[in-house]
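Here's data.cif, which has mmCIF, C-alpha atoms:
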data_coords
#
loop_
_atom_site.label_atom_id
_atom_site.label_comp_id
_atom_site.auth_asym_id
_atom_site.auth_seq_id
_atom_site.Cartn_x
_atom_site.Cartn_y
_atom_site.Cartn_z
CA MET A 1 -20.46 19.26 -24.77
CA SER A 2 -20.13 18.66 -21.03
CA ARG A 3 -19.25 21.33 -18.53
CA THR A 4 -15.94 19.52 -17.91
CA SER A 5 -14.78 19.78 -21.51
CA GLN A 6 -15.64 23.50 -21.65
CA THR A 7 -13.37 24.33 -18.74
CA ARG A 8 -9.92 25.56 -19.66
CA SER A 9 -6.87 23.70 -18.38
CA ASN A 10 -5.04 25.25 -15.47
CA PRO A 11 -1.24 25.61 -15.73
CA VAL A 12 -0.57 22.69 -13.38
CA SER A 13 -2.73 20.18 -15.24
CA ALA A 14 -1.34 21.42 -18.57
CA ALA A 15 2.20 20.90 -17.29
CA MET A 16 1.35 17.26 -16.57
CA ARG A 17 0.68 16.45 -20.22
CA PRO A 18 4.31 15.93 -21.33
CA VAL A 19 5.07 14.05 -18.09
CA ASN A 20 2.19 11.66 -18.64
CA SER A 21 3.14 11.21 -22.28
CA LEU A 22 6.75 10.41 -21.36
CA VAL A 23 5.68 7.91 -18.68
CA GLU A 24 3.22 6.15 -21.00
CA ARG A 25 5.92 5.68 -23.66
CA PHE A 26 8.93 4.58 -21.62
CA ILE A 27 7.91 3.00 -18.28
CA PRO A 28 7.90 -0.82 -18.62
CA SER A 29 5.70 -3.37 -16.88
CA ALA A 30 6.23 -4.04 -13.17
CA LEU A 31 7.82 -7.43 -13.90
CA VAL A 32 10.34 -5.90 -16.32
CA PHE A 33 10.93 -3.15 -13.77
CA ALA A 34 11.87 -5.75 -11.15
CA ILE A 35 14.24 -7.50 -13.57
CA VAL A 36 15.93 -4.23 -14.53
CA LEU A 37 16.29 -3.29 -10.86
CA THR A 38 17.96 -6.63 -10.21
CA VAL A 39 20.59 -5.84 -12.84
CA VAL A 40 21.07 -2.29 -11.54
CA VAL A 41 21.54 -3.47 -7.94
CA ALA A 42 23.99 -6.16 -9.04
CA LEU A 43 26.08 -3.58 -10.91
CA MET A 44 25.97 -1.20 -7.93
CA ALA A 45 27.15 -3.99 -5.63
CA LEU A 46 30.06 -4.76 -7.95
CA ALA A 47 31.04 -1.10 -8.21
CA LEU A 48 30.54 0.09 -4.62
CA THR A 49 31.33 -2.88 -2.39
CA GLY A 50 34.17 -4.70 -4.11
CA SER A 51 32.16 -7.91 -4.18
CA SER A 52 32.96 -10.46 -6.85
CA PRO A 53 30.42 -11.58 -9.48
CA VAL A 54 30.25 -14.96 -7.74
CA GLU A 55 29.37 -13.30 -4.41
CA VAL A 56 26.68 -11.20 -6.09
CA VAL A 57 25.12 -14.22 -7.78
CA GLN A 58 25.29 -16.26 -4.59
CA GLY A 59 23.69 -13.44 -2.58
CA TRP A 60 20.94 -13.17 -5.17
CA GLY A 61 20.26 -16.90 -5.24
CA ASP A 62 20.31 -17.28 -1.47
CA GLY A 63 17.99 -14.32 -1.16
CA LEU A 64 15.30 -15.69 -3.49
CA SER A 65 13.80 -17.79 -0.72
CA GLY A 66 14.57 -15.35 2.06
CA LEU A 67 11.09 -13.87 2.26
CA LEU A 68 8.91 -16.91 1.68
CA SER A 69 7.19 -16.74 5.07
CA PHE A 70 6.79 -12.99 4.85
CA MET A 71 5.53 -13.34 1.27
CA THR A 72 2.83 -15.69 2.53
CA GLN A 73 1.88 -13.23 5.24
CA MET A 74 1.67 -10.33 2.78
CA ALA A 75 -0.32 -12.44 0.32
CA LEU A 76 -2.72 -13.25 3.17
CA ILE A 77 -3.14 -9.56 3.96
CA LEU A 78 -4.01 -8.85 0.34
CA LEU A 79 -6.28 -11.89 0.14
CA LEU A 80 -8.16 -10.88 3.27
CA GLY A 81 -8.33 -7.23 2.22
CA HIS A 82 -9.77 -8.13 -1.17
CA THR A 83 -12.22 -10.59 0.40
CA LEU A 84 -13.39 -8.08 3.00
CA ALA A 85 -13.84 -5.37 0.38
CA ASN A 86 -16.08 -7.69 -1.65
CA THR A 87 -18.40 -8.81 1.14
CA ARG A 88 -22.00 -7.72 0.60
CA PRO A 89 -22.06 -5.07 3.37
CA VAL A 90 -18.83 -3.45 2.17
CA ARG A 91 -19.90 -3.53 -1.48
CA ARG A 92 -23.20 -1.88 -0.55
CA LEU A 93 -21.21 0.77 1.30
CA LEU A 94 -18.97 1.31 -1.75
CA SER A 95 -22.02 1.59 -3.98
CA PHE A 96 -23.40 4.28 -1.66
CA LEU A 97 -20.06 6.09 -1.53
CA GLY A 98 -19.84 5.96 -5.33
CA GLY A 99 -22.79 8.32 -5.51
CA VAL A 100 -21.32 10.94 -3.16
CA PRO A 101 -19.12 12.94 -5.61
CA ARG A 102 -21.00 15.39 -7.82
CA GLY A 103 -18.19 16.39 -10.18
CA PRO A 104 -14.74 15.32 -11.46
CA ILE A 105 -12.56 17.18 -8.93
CA GLN A 106 -14.74 16.02 -6.06
CA ALA A 107 -14.47 12.47 -7.38
CA TYR A 108 -10.67 12.44 -7.54
CA VAL A 109 -10.26 13.88 -4.04
CA PHE A 110 -13.04 11.76 -2.55
CA VAL A 111 -11.59 8.49 -3.87
CA PHE A 112 -8.18 9.48 -2.51
CA VAL A 113 -9.51 10.28 0.97
CA VAL A 114 -11.53 7.05 1.23
CA ALA A 115 -8.56 4.99 0.01
CA ALA A 116 -6.29 6.76 2.52
CA VAL A 117 -8.66 5.98 5.41
CA ALA A 118 -8.90 2.34 4.29
CA SER A 119 -5.09 2.14 3.98
CA LEU A 120 -4.71 3.45 7.52
CA ILE A 121 -6.90 0.54 8.62
CA THR A 122 -4.91 -2.03 6.63
CA TRP A 123 -2.94 -1.63 3.42
CA GLY A 124 -4.55 -4.62 1.69
CA LEU A 125 -8.00 -3.18 2.25
CA GLY A 126 -6.88 0.24 1.06
CA LEU A 127 -5.58 -1.01 -2.26
CA VAL A 128 -8.68 -3.05 -3.02
CA VAL A 129 -11.23 -0.51 -1.76
CA GLY A 130 -9.48 2.21 -3.78
CA ALA A 131 -9.73 0.26 -7.03
CA LEU A 132 -13.33 -0.85 -6.49
CA LEU A 133 -14.45 2.63 -5.44
CA ALA A 134 -12.71 4.17 -8.47
CA LYS A 135 -14.74 1.87 -10.74
CA GLU A 136 -17.95 2.62 -8.87
CA VAL A 137 -17.49 6.39 -8.94
CA ALA A 138 -16.51 6.40 -12.62
CA ALA A 139 -19.53 4.29 -13.56
CA GLN A 140 -22.05 6.29 -11.55
CA LEU A 141 -20.81 9.67 -12.79
CA LYS A 142 -20.71 8.48 -16.39
CA ALA A 143 -24.33 7.41 -16.04
CA LYS A 144 -25.03 11.03 -15.08
CA GLY A 145 -23.20 12.34 -18.16
CA ILE A 146 -20.10 13.54 -16.28
CA ARG A 147 -16.75 12.71 -17.87
CA LEU A 148 -13.92 11.43 -15.66
CA HIS A 149 -10.32 10.55 -16.46
CA PHE A 150 -10.21 7.01 -15.11
CA PRO A 151 -6.38 6.73 -14.86
CA MET A 152 -6.42 9.88 -12.70
CA LEU A 153 -9.13 8.31 -10.54
CA VAL A 154 -7.06 5.15 -10.08
CA ALA A 155 -3.96 7.27 -9.37
CA ALA A 156 -5.94 9.03 -6.64
CA ALA A 157 -6.91 5.64 -5.23
CA PHE A 158 -3.29 4.45 -5.18
CA SER A 159 -2.21 7.75 -3.65
CA GLY A 160 -4.20 6.80 -0.56
CA PHE A 161 -1.55 4.12 -0.02
CA VAL A 162 0.98 6.85 0.79
CA VAL A 163 -0.15 6.87 4.44
CA TRP A 164 -0.43 3.11 5.05
CA HIS A 165 2.68 2.81 7.25
CA MET A 166 1.28 5.47 9.59
CA GLY A 167 -1.72 3.27 10.39
CA TYR A 168 -3.00 0.09 11.96
CA SER A 169 -1.11 -2.38 9.76
CA GLY A 170 2.27 -0.59 9.66
CA SER A 171 4.79 -3.44 9.69
CA GLY A 172 7.69 -1.42 11.14
CA PRO A 173 5.91 -0.11 14.26
CA LEU A 174 4.16 -3.47 14.73
CA THR A 175 7.46 -5.35 14.56
CA ALA A 176 9.02 -3.00 17.11
CA ALA A 177 6.00 -3.57 19.38
CA THR A 178 6.26 -7.37 19.14
CA GLU A 179 8.00 -9.13 22.02
CA GLY A 180 11.05 -11.05 20.81
CA SER A 181 11.22 -9.39 17.39
CA PHE A 182 14.63 -8.54 15.96
CA LEU A 183 13.95 -4.81 16.49
CA ALA A 184 12.86 -5.29 20.11
CA GLU A 185 15.91 -7.45 20.82
CA GLN A 186 18.26 -4.81 19.43
CA ILE A 187 16.68 -1.98 21.41
CA GLY A 188 16.41 -4.10 24.53
CA ARG A 189 12.67 -3.44 24.89
CA THR A 190 9.54 -3.19 22.82
CA ILE A 191 8.40 0.16 21.46
CA PRO A 192 4.63 0.36 22.04
CA VAL A 193 2.52 1.68 19.20
CA SER A 194 1.50 4.55 21.49
CA GLU A 195 4.97 5.98 20.82
CA THR A 196 4.89 5.39 17.06
CA THR A 197 1.62 4.77 15.21
CA PHE A 198 -0.62 6.40 17.82
CA SER A 199 1.70 9.22 18.83
CA LEU A 200 0.13 12.66 18.47
CA TRP A 201 2.74 13.82 15.99
CA ASN A 202 2.22 10.84 13.70
CA ILE A 203 -1.56 11.25 13.79
CA LEU A 204 -1.23 14.96 12.93
CA ALA A 205 1.24 14.11 10.14
CA ALA A 206 -1.22 11.61 8.65
CA ILE A 207 -4.00 14.22 8.67
CA ALA A 208 -1.69 16.83 7.13
CA THR A 209 -0.61 14.40 4.41
CA VAL A 210 -4.19 13.68 3.41
CA ILE A 211 -4.97 17.41 3.22
CA VAL A 212 -1.85 18.38 1.25
CA VAL A 213 -1.97 15.46 -1.19
CA GLY A 214 -5.70 15.95 -1.74
CA ALA A 215 -5.09 19.59 -2.63
CA ALA A 216 -2.23 18.66 -4.97
CA LEU A 217 -4.33 16.08 -6.80
CA SER A 218 -7.11 18.60 -7.30
CA LEU A 219 -4.61 20.95 -8.95
CA VAL A 220 -3.23 18.40 -11.43
CA ALA A 221 -6.57 16.84 -12.33
CA PRO A 222 -7.31 16.93 -16.10
CA ARG A 223 -9.39 19.85 -17.29
CA GLY A 224 -10.60 21.33 -20.54
CA ASP A 225 -8.70 19.94 -23.52
CA ASP A 226 -6.68 17.49 -21.41
CA LYS A 227 -6.85 13.87 -22.44
CA ILE A 228 -9.82 12.03 -20.88
CA VAL A 229 -9.92 8.22 -20.81
CA GLU A 230 -13.24 7.04 -19.46
CA LEU A 231 -14.24 3.73 -17.91
CA GLU A 232 -16.84 1.66 -19.69
CA ILE A 233 -19.98 1.66 -17.58
CA ASP A 234 -20.21 -2.14 -17.59
CA ALA A 235 -16.65 -2.59 -16.31
CA ARG A 236 -17.65 -2.83 -12.66
CA ASP A 237 -17.17 -6.21 -11.05
CA GLY A 238 -20.33 -8.20 -10.66
CA GLU A 239 -20.99 -9.94 -7.39
CA ALA A 240 -19.74 -13.50 -7.16
CA ASP A 241 -22.31 -16.28 -7.43
CA TYR A 242 -22.80 -17.32 -3.82
CA ASP A 243 -25.98 -19.36 -4.12
CA ASP A 244 -25.08 -22.94 -5.02
CA ASP A 245 -27.84 -25.54 -5.11
CA VAL A 246 -28.72 -26.92 -1.69
CA VAL A 247 -29.57 -30.59 -2.22
CA THR A 248 -27.73 -32.77 0.27
CA PRO A 249 -27.17 -32.46 4.03
CA ALA A 250 -23.59 -31.43 3.23
CA ASP A 251 -24.94 -28.62 1.04
CA ARG A 252 -27.09 -27.44 3.92
CA LEU A 253 -23.98 -27.20 6.08
CA ASP A 254 -22.21 -25.19 3.37
CA ALA A 255 -25.20 -22.84 3.24
CA SER A 256 -25.43 -22.45 7.03
CA ARG A 257 -24.85 -19.03 8.58
CA ILE A 258 -24.16 -20.65 11.94
CA LEU A 259 -20.76 -22.12 11.01
CA THR A 260 -19.15 -18.91 9.74
CA LEU A 261 -20.69 -16.98 12.63
CA LEU A 262 -19.16 -19.42 15.13
CA VAL A 263 -15.67 -19.00 13.66
CA GLY A 264 -16.06 -15.22 13.58
CA LEU A 265 -17.17 -15.10 17.21
CA ALA A 266 -14.34 -17.46 18.21
CA LEU A 267 -11.83 -15.13 16.57
CA VAL A 268 -13.36 -12.12 18.33
CA ALA A 269 -13.13 -14.01 21.64
CA TYR A 270 -9.47 -14.80 20.98
CA LEU A 271 -8.70 -11.18 20.17
CA ALA A 272 -10.49 -10.05 23.33
CA VAL A 273 -8.45 -12.49 25.42
CA HIS A 274 -5.25 -11.46 23.63
CA PHE A 275 -5.66 -7.77 24.33
CA GLY A 276 -7.23 -8.38 27.74
CA THR A 277 -4.13 -10.26 28.92
CA GLY A 278 -1.73 -7.56 27.75
CA GLY A 279 -1.17 -8.76 24.19
CA THR A 280 0.18 -6.27 21.68
CA LEU A 281 -0.80 -5.35 18.16
CA THR A 282 1.21 -7.41 15.65
CA LEU A 283 0.93 -8.29 11.97
CA ASP A 284 -0.68 -11.61 12.82
CA ILE A 285 -3.24 -9.93 15.08
CA VAL A 286 -4.07 -7.49 12.27
CA ASN A 287 -4.67 -10.45 9.94
CA TRP A 288 -6.86 -12.29 12.45
CA SER A 289 -8.91 -9.20 13.20
CA PHE A 290 -9.85 -8.84 9.55
CA LEU A 291 -10.42 -12.56 9.21
CA ALA A 292 -12.88 -12.22 12.09
CA LEU A 293 -14.70 -9.44 10.26
CA ILE A 294 -14.94 -11.55 7.12
CA PHE A 295 -16.46 -14.51 8.96
CA LEU A 296 -18.95 -12.23 10.67
CA LEU A 297 -19.98 -10.43 7.47
CA VAL A 298 -20.38 -13.35 5.05
CA ARG A 299 -23.68 -15.22 4.99
CA ASN A 300 -22.32 -18.76 4.75
CA PRO A 301 -19.37 -20.92 3.63
CA PHE A 302 -20.68 -20.85 0.03
CA GLU A 303 -20.22 -17.08 -0.07
CA LEU A 304 -16.82 -17.17 1.62
CA ILE A 305 -15.49 -19.79 -0.82
CA ALA A 306 -16.65 -17.70 -3.79
CA LEU A 307 -15.05 -14.56 -2.35
CA ILE A 308 -11.74 -16.32 -1.71
CA LYS A 309 -11.64 -17.73 -5.25
CA ASN A 310 -12.23 -14.25 -6.64
CA ALA A 311 -9.59 -12.68 -4.39
CA ALA A 312 -6.95 -15.32 -5.13
CA SER A 313 -6.67 -14.22 -8.76
CA ASN A 314 -5.16 -10.91 -7.61
CA VAL A 315 -2.36 -12.44 -5.55
CA GLY A 316 -0.44 -14.00 -8.45
CA ASP A 317 1.69 -10.99 -9.41
CA ILE A 318 2.93 -10.59 -5.85
CA LEU A 319 3.78 -14.28 -5.59
CA LEU A 320 5.74 -14.07 -8.85
CA GLN A 321 7.64 -10.85 -8.18
CA PHE A 322 8.29 -11.16 -4.44
CA PRO A 323 11.15 -13.68 -4.95
CA LEU A 324 12.80 -11.24 -7.38
CA TYR A 325 12.69 -8.46 -4.80
CA ALA A 326 13.87 -10.93 -2.16
CA GLY A 327 16.82 -11.64 -4.46
CA ILE A 328 17.54 -7.90 -4.70
CA MET A 329 17.46 -7.73 -0.92
CA GLY A 330 19.78 -10.74 -0.82
CA ILE A 331 22.33 -8.94 -3.01
CA MET A 332 22.16 -5.80 -0.90
CA THR A 333 22.52 -7.71 2.36
CA ALA A 334 25.20 -10.19 1.29
CA THR A 335 27.41 -7.59 -0.37
CA GLY A 336 26.88 -4.84 2.21
CA LEU A 337 25.39 -2.51 -0.40
CA ILE A 338 22.50 -1.56 1.87
CA THR A 339 24.98 -0.49 4.54
CA VAL A 340 26.83 1.64 2.00
CA LEU A 341 23.63 3.37 0.94
CA SER A 342 22.30 3.91 4.46
CA ASP A 343 25.60 4.88 6.08
CA PHE A 344 26.07 7.62 3.51
CA PHE A 345 23.10 9.42 5.04
CA VAL A 346 23.96 8.51 8.62
CA ASP A 347 27.49 9.86 8.37
CA ILE A 348 26.31 13.32 7.36
CA SER A 349 23.45 13.59 9.87
CA THR A 350 23.00 15.28 13.24
CA PRO A 351 20.34 14.55 15.88
CA GLN A 352 18.21 17.29 14.33
CA THR A 353 18.59 16.17 10.72
CA PHE A 354 18.70 12.43 11.35
CA GLY A 355 14.98 11.93 10.83
CA VAL A 356 14.97 13.64 7.43
CA LEU A 357 18.08 11.84 6.23
CA ALA A 358 16.78 8.50 7.49
CA LEU A 359 13.57 9.24 5.58
CA LEU A 360 15.55 9.88 2.39
CA SER A 361 17.64 6.76 2.96
CA ALA A 362 14.55 4.63 3.47
CA GLY A 363 12.92 6.13 0.40
CA LEU A 364 15.96 5.16 -1.67
CA VAL A 365 16.17 1.63 -0.27
CA ASN A 366 12.42 1.13 -0.72
CA PHE A 367 12.86 1.75 -4.42
CA PHE A 368 14.88 -1.47 -4.53
CA VAL A 369 13.20 -3.38 -1.68
CA PRO A 370 9.50 -2.42 -1.75
CA SER A 371 8.41 -4.68 1.10
CA GLY A 372 7.95 -2.64 4.27
CA GLY A 373 8.66 -5.67 6.45
CA GLY A 374 11.59 -6.76 4.33
CA GLN A 375 13.04 -3.27 4.40
CA PHE A 376 12.87 -3.13 8.19
CA ALA A 377 14.59 -6.51 8.37
CA VAL A 378 17.67 -5.16 6.62
CA GLN A 379 17.60 -1.40 7.27
CA GLY A 380 15.90 -1.19 10.66
CA PRO A 381 18.90 -2.38 12.68
CA ILE A 382 21.19 0.06 10.87
CA MET A 383 18.93 3.04 11.53
CA LEU A 384 18.34 2.07 15.16
CA ASP A 385 22.08 1.73 15.76
CA ALA A 386 22.67 5.15 14.20
CA ALA A 387 19.86 6.64 16.30
CA ALA A 388 21.44 5.23 19.46
CA ARG A 389 24.82 6.72 18.56
CA LEU A 390 23.21 10.10 17.94
CA ASP A 391 20.96 9.87 21.05
CA VAL A 392 17.80 10.00 18.92
CA ASP A 393 14.52 8.47 20.15
CA PRO A 394 14.20 5.00 18.50
CA ALA A 395 10.54 5.80 17.74
CA VAL A 396 11.76 8.58 15.43
CA ALA A 397 14.04 6.15 13.58
CA ILE A 398 11.20 3.62 13.22
CA MET A 399 8.77 6.16 11.83
CA ALA A 400 11.39 7.78 9.57
CA VAL A 401 11.95 4.41 7.87
CA SER A 402 8.18 3.88 7.79
CA TYR A 403 7.65 7.25 6.10
CA GLY A 404 10.39 6.56 3.56
CA ASP A 405 8.94 3.16 2.78
CA GLN A 406 5.45 4.48 2.02
CA TRP A 407 6.76 7.62 0.32
CA THR A 408 8.54 6.14 -2.71
CA ASN A 409 5.85 3.51 -3.21
CA MET A 410 4.27 6.21 -5.34
CA ILE A 411 6.88 5.66 -8.07
CA GLN A 412 7.64 2.00 -7.32
CA PRO A 413 5.12 -0.21 -9.14
CA PHE A 414 5.23 -3.28 -6.91
CA TRP A 415 2.37 -2.47 -4.53
CA ALA A 416 0.28 -0.94 -7.29
CA LEU A 417 -0.03 -4.37 -8.89
CA PRO A 418 -3.19 -5.56 -7.10
CA LEU A 419 -4.93 -2.22 -7.56
CA LEU A 420 -3.95 -2.01 -11.23
CA ALA A 421 -5.07 -5.61 -11.79
CA ILE A 422 -8.52 -4.80 -10.42
CA ALA A 423 -8.71 -1.52 -12.38
CA GLY A 424 -7.36 -3.02 -15.61
CA LEU A 425 -4.59 -0.42 -16.04
CA LYS A 426 -0.79 -0.34 -16.18
CA MET A 427 1.61 1.59 -13.96
CA ARG A 428 2.48 3.95 -16.79
CA ASP A 429 -1.15 5.08 -16.88
CA ILE A 430 -1.02 6.54 -13.37
CA LEU A 431 2.65 7.30 -12.69
CA GLY A 432 2.54 10.89 -13.89
CA TYR A 433 -0.05 11.69 -11.22
CA THR A 434 1.49 9.64 -8.43
CA MET A 435 4.71 11.63 -8.92
CA VAL A 436 2.73 14.62 -7.70
CA THR A 437 1.70 12.63 -4.64
CA LEU A 438 5.36 11.78 -4.06
CA ILE A 439 6.32 15.45 -4.01
CA ALA A 440 3.40 16.64 -1.88
CA SER A 441 3.67 13.86 0.71
CA GLY A 442 7.45 14.18 0.84
CA LEU A 443 7.13 17.79 1.96
CA VAL A 444 4.89 16.76 4.85
CA PHE A 445 7.07 13.81 5.86
CA ALA A 446 10.27 15.90 5.81
CA ALA A 447 8.66 18.73 7.77
CA THR A 448 7.40 16.24 10.37
CA MET A 449 10.85 14.71 10.83
CA LEU A 450 12.44 18.15 11.17
CA ILE A 451 9.91 19.24 13.79
CA VAL A 452 10.22 16.01 15.78
CA GLY A 453 14.03 16.12 15.52
CA ALA A 454 14.13 19.71 16.76
CA GLY A 455 11.94 18.74 19.71
#
What would the structure in this file look like if it were written as structure tokens?
Amino acid sequence: MSRTSQTRSNPVSAAMRPVNSLVERFIPSALVFAIVLTVVVALMALALTGSSPVEVVQGWGDGLSGLLSFMTQMALILLLGHTLANTRPVRRLLSFLGGVPRGPIQAYVFVFVVAAVASLITWGLGLVVGALLAKEVAAQLKAKGIRLHFPMLVAAAFSGFVVWHMGYSGSGPLTAATEGSFLAEQIGRTIPVSETTFSLWNILAAIATVIVVGAALSLVAPRGDDKIVELEIDARDGEADYDDDVVTPADRLDASRILTLLVGLALVAYLAVHFGTGGTLTLDIVNWSFLALIFLLVRNPFELIALIKNAASNVGDILLQFPLYAGIMGIMTATGLITVLSDFFVDISTPQTFGVLALLSAGLVNFFVPSGGGQFAVQGPIMLDAAARLDVDPAVAIMAVSYGDQWTNMIQPFWALPLLAIAGLKMRDILGYTMVTLIASGLVFAATMLIVGAG
């Protein structure tokens, strides 16, 4: 019997058993979840806004195509994140990191911290790195005879996503920093990321979130007689076959390192010119920076093509479900339901409490509209207008919505889809643990908004 199975359960992990059992039995698939949410939002619109059934249906139908360009952009972020995570240098790094933890609790916390750091770099990378590292850690520790609860490990990986909007690829702060964006036009100026993403208080909040959530996950980790579901040791992804036969001159071009290196260096040159001439950090620039890394890290076009084919298989769920969430957003926008939900919090707020209430409002809206960019498109103007009326710094409003967006992702299955697809699990397998992340991170986010509001 292993040392892990001899350890008695602590009260916190024991209390999670009925929660996990309930979640496993009654939480549906992410696609069904999106369909049910569509019905719920439609009924709320009918009840709270006075809209007719025809108006609700029309808003839903018009909204289905409302995020097509953004959907492509988000799919590209995921595609590039998955591709980057599977390049040879990154996979070697993940293999090395997989051997760092020496026991179960270390493993859960370590995977969470690495996924959080990757998510702060870009959310697509964080989701993919978290899933791949969870597999690597589980396989390496099982080879050493140490039992791990794989769903808990994947939950820890997804929990790293709870800080993504505080980092480099945060769509809200990046939109506000982009000249000519709808947020910049409303405010009358751009809000540089030095006031949002790279403000001292946001950086400290990100660090505090990682510490608090890591501690919470260590408390709820399975122990003793708790249920343990292990990963099969051969379940790790094998490397894609990059080495096609080189027969013709065209094959030699496909196997040439020079071509991919040229594109990578060209992208680096463009980024240098962009920032050197006063360019700002935007979603597109984030995408091109990671595309540059990919071209620099792959050995040749053969390898890049294989990586892209492998990554593309994980984009399908997002492409299928994004129109449904766009339809939900269409209902909320066309009927005014999002204004009803947001104004409820605005009407009862003061300059000191605005940040917390905006956080709660954004968390609620995110449950129905999980896209960070999409949420800012419909809720950002409302929150910025309320902040102006209350004489609150617009940077506080932007980050409050950002915090709310990332916060309730922990119980909203949409963004877990790519990670779960790689890990081979369902949302119900991890939701009991990510609820703990929701509570722990929420305390940090609320405290941060209170402190900033009081200042």
### Query
Where does the PyMOL selection byres ((chain A and resi 258-261) around 7) land in this file, that is, which residues does it pick, as an MDAnalysis selection string?
chainID A and resid 256:257 262:265 295:296 300:301
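When all atoms listed in the file are used to measure the gap to A:Asp225, the shortest distance among A:Ala134, A:Thr277, A:His149, A:Ile338 belongs to A:His149.
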### Atomic separation - atom CA of A:Leu420 relative to atom CA of A:Met152, Å
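That distance, rounded to one decimal, is 12.2 Å.
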At a cut-off of 10 Å, can you tabulate as a Markdown table every residue of stretch 72-140 of chain A near stretch 191-206 of chain A together with its closest atom pair and the distance in Å to one decimal, using all atoms listed in the file and ordering rows by chain then number?
| residue | atom | partner | partner_atom | distance |
| --- | --- | --- | --- | --- |
| A:Ala116 | CA | A:Ala206 | CA | 9.3 |
| A:Val117 | CA | A:Ala206 | CA | 9.9 |
| A:Leu120 | CA | A:Ala206 | CA | 8.9 |
#### Entry: Nearest to A:Ile211 by atom-to-atom distance, counting all atoms listed in the file, from A:Leu93, A:Leu79, A:Val57, A:Val109
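Closest candidate: A:Val109.
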### Task
Please identify all polymer residues within 12 Å of A:Thr350, counting all atoms listed in the file, omitting same-chain residues fewer than 3 positions from it, and present them as number ranges by chain.
A: 345-347, 353-358, 386-392, 450, 453-454
### Summary
One decimal place gives the atom CA of A:Asn310-atom CA of A:Ser169 separation as 23.1 Å
### Query
How would you write, as a PyMOL selection string, the residues chosen by the PyMOL selection byres ((chain A and resi 186) around 10) on this structure?
chain A and resi 176+180-185+187-190+380-381+384-385
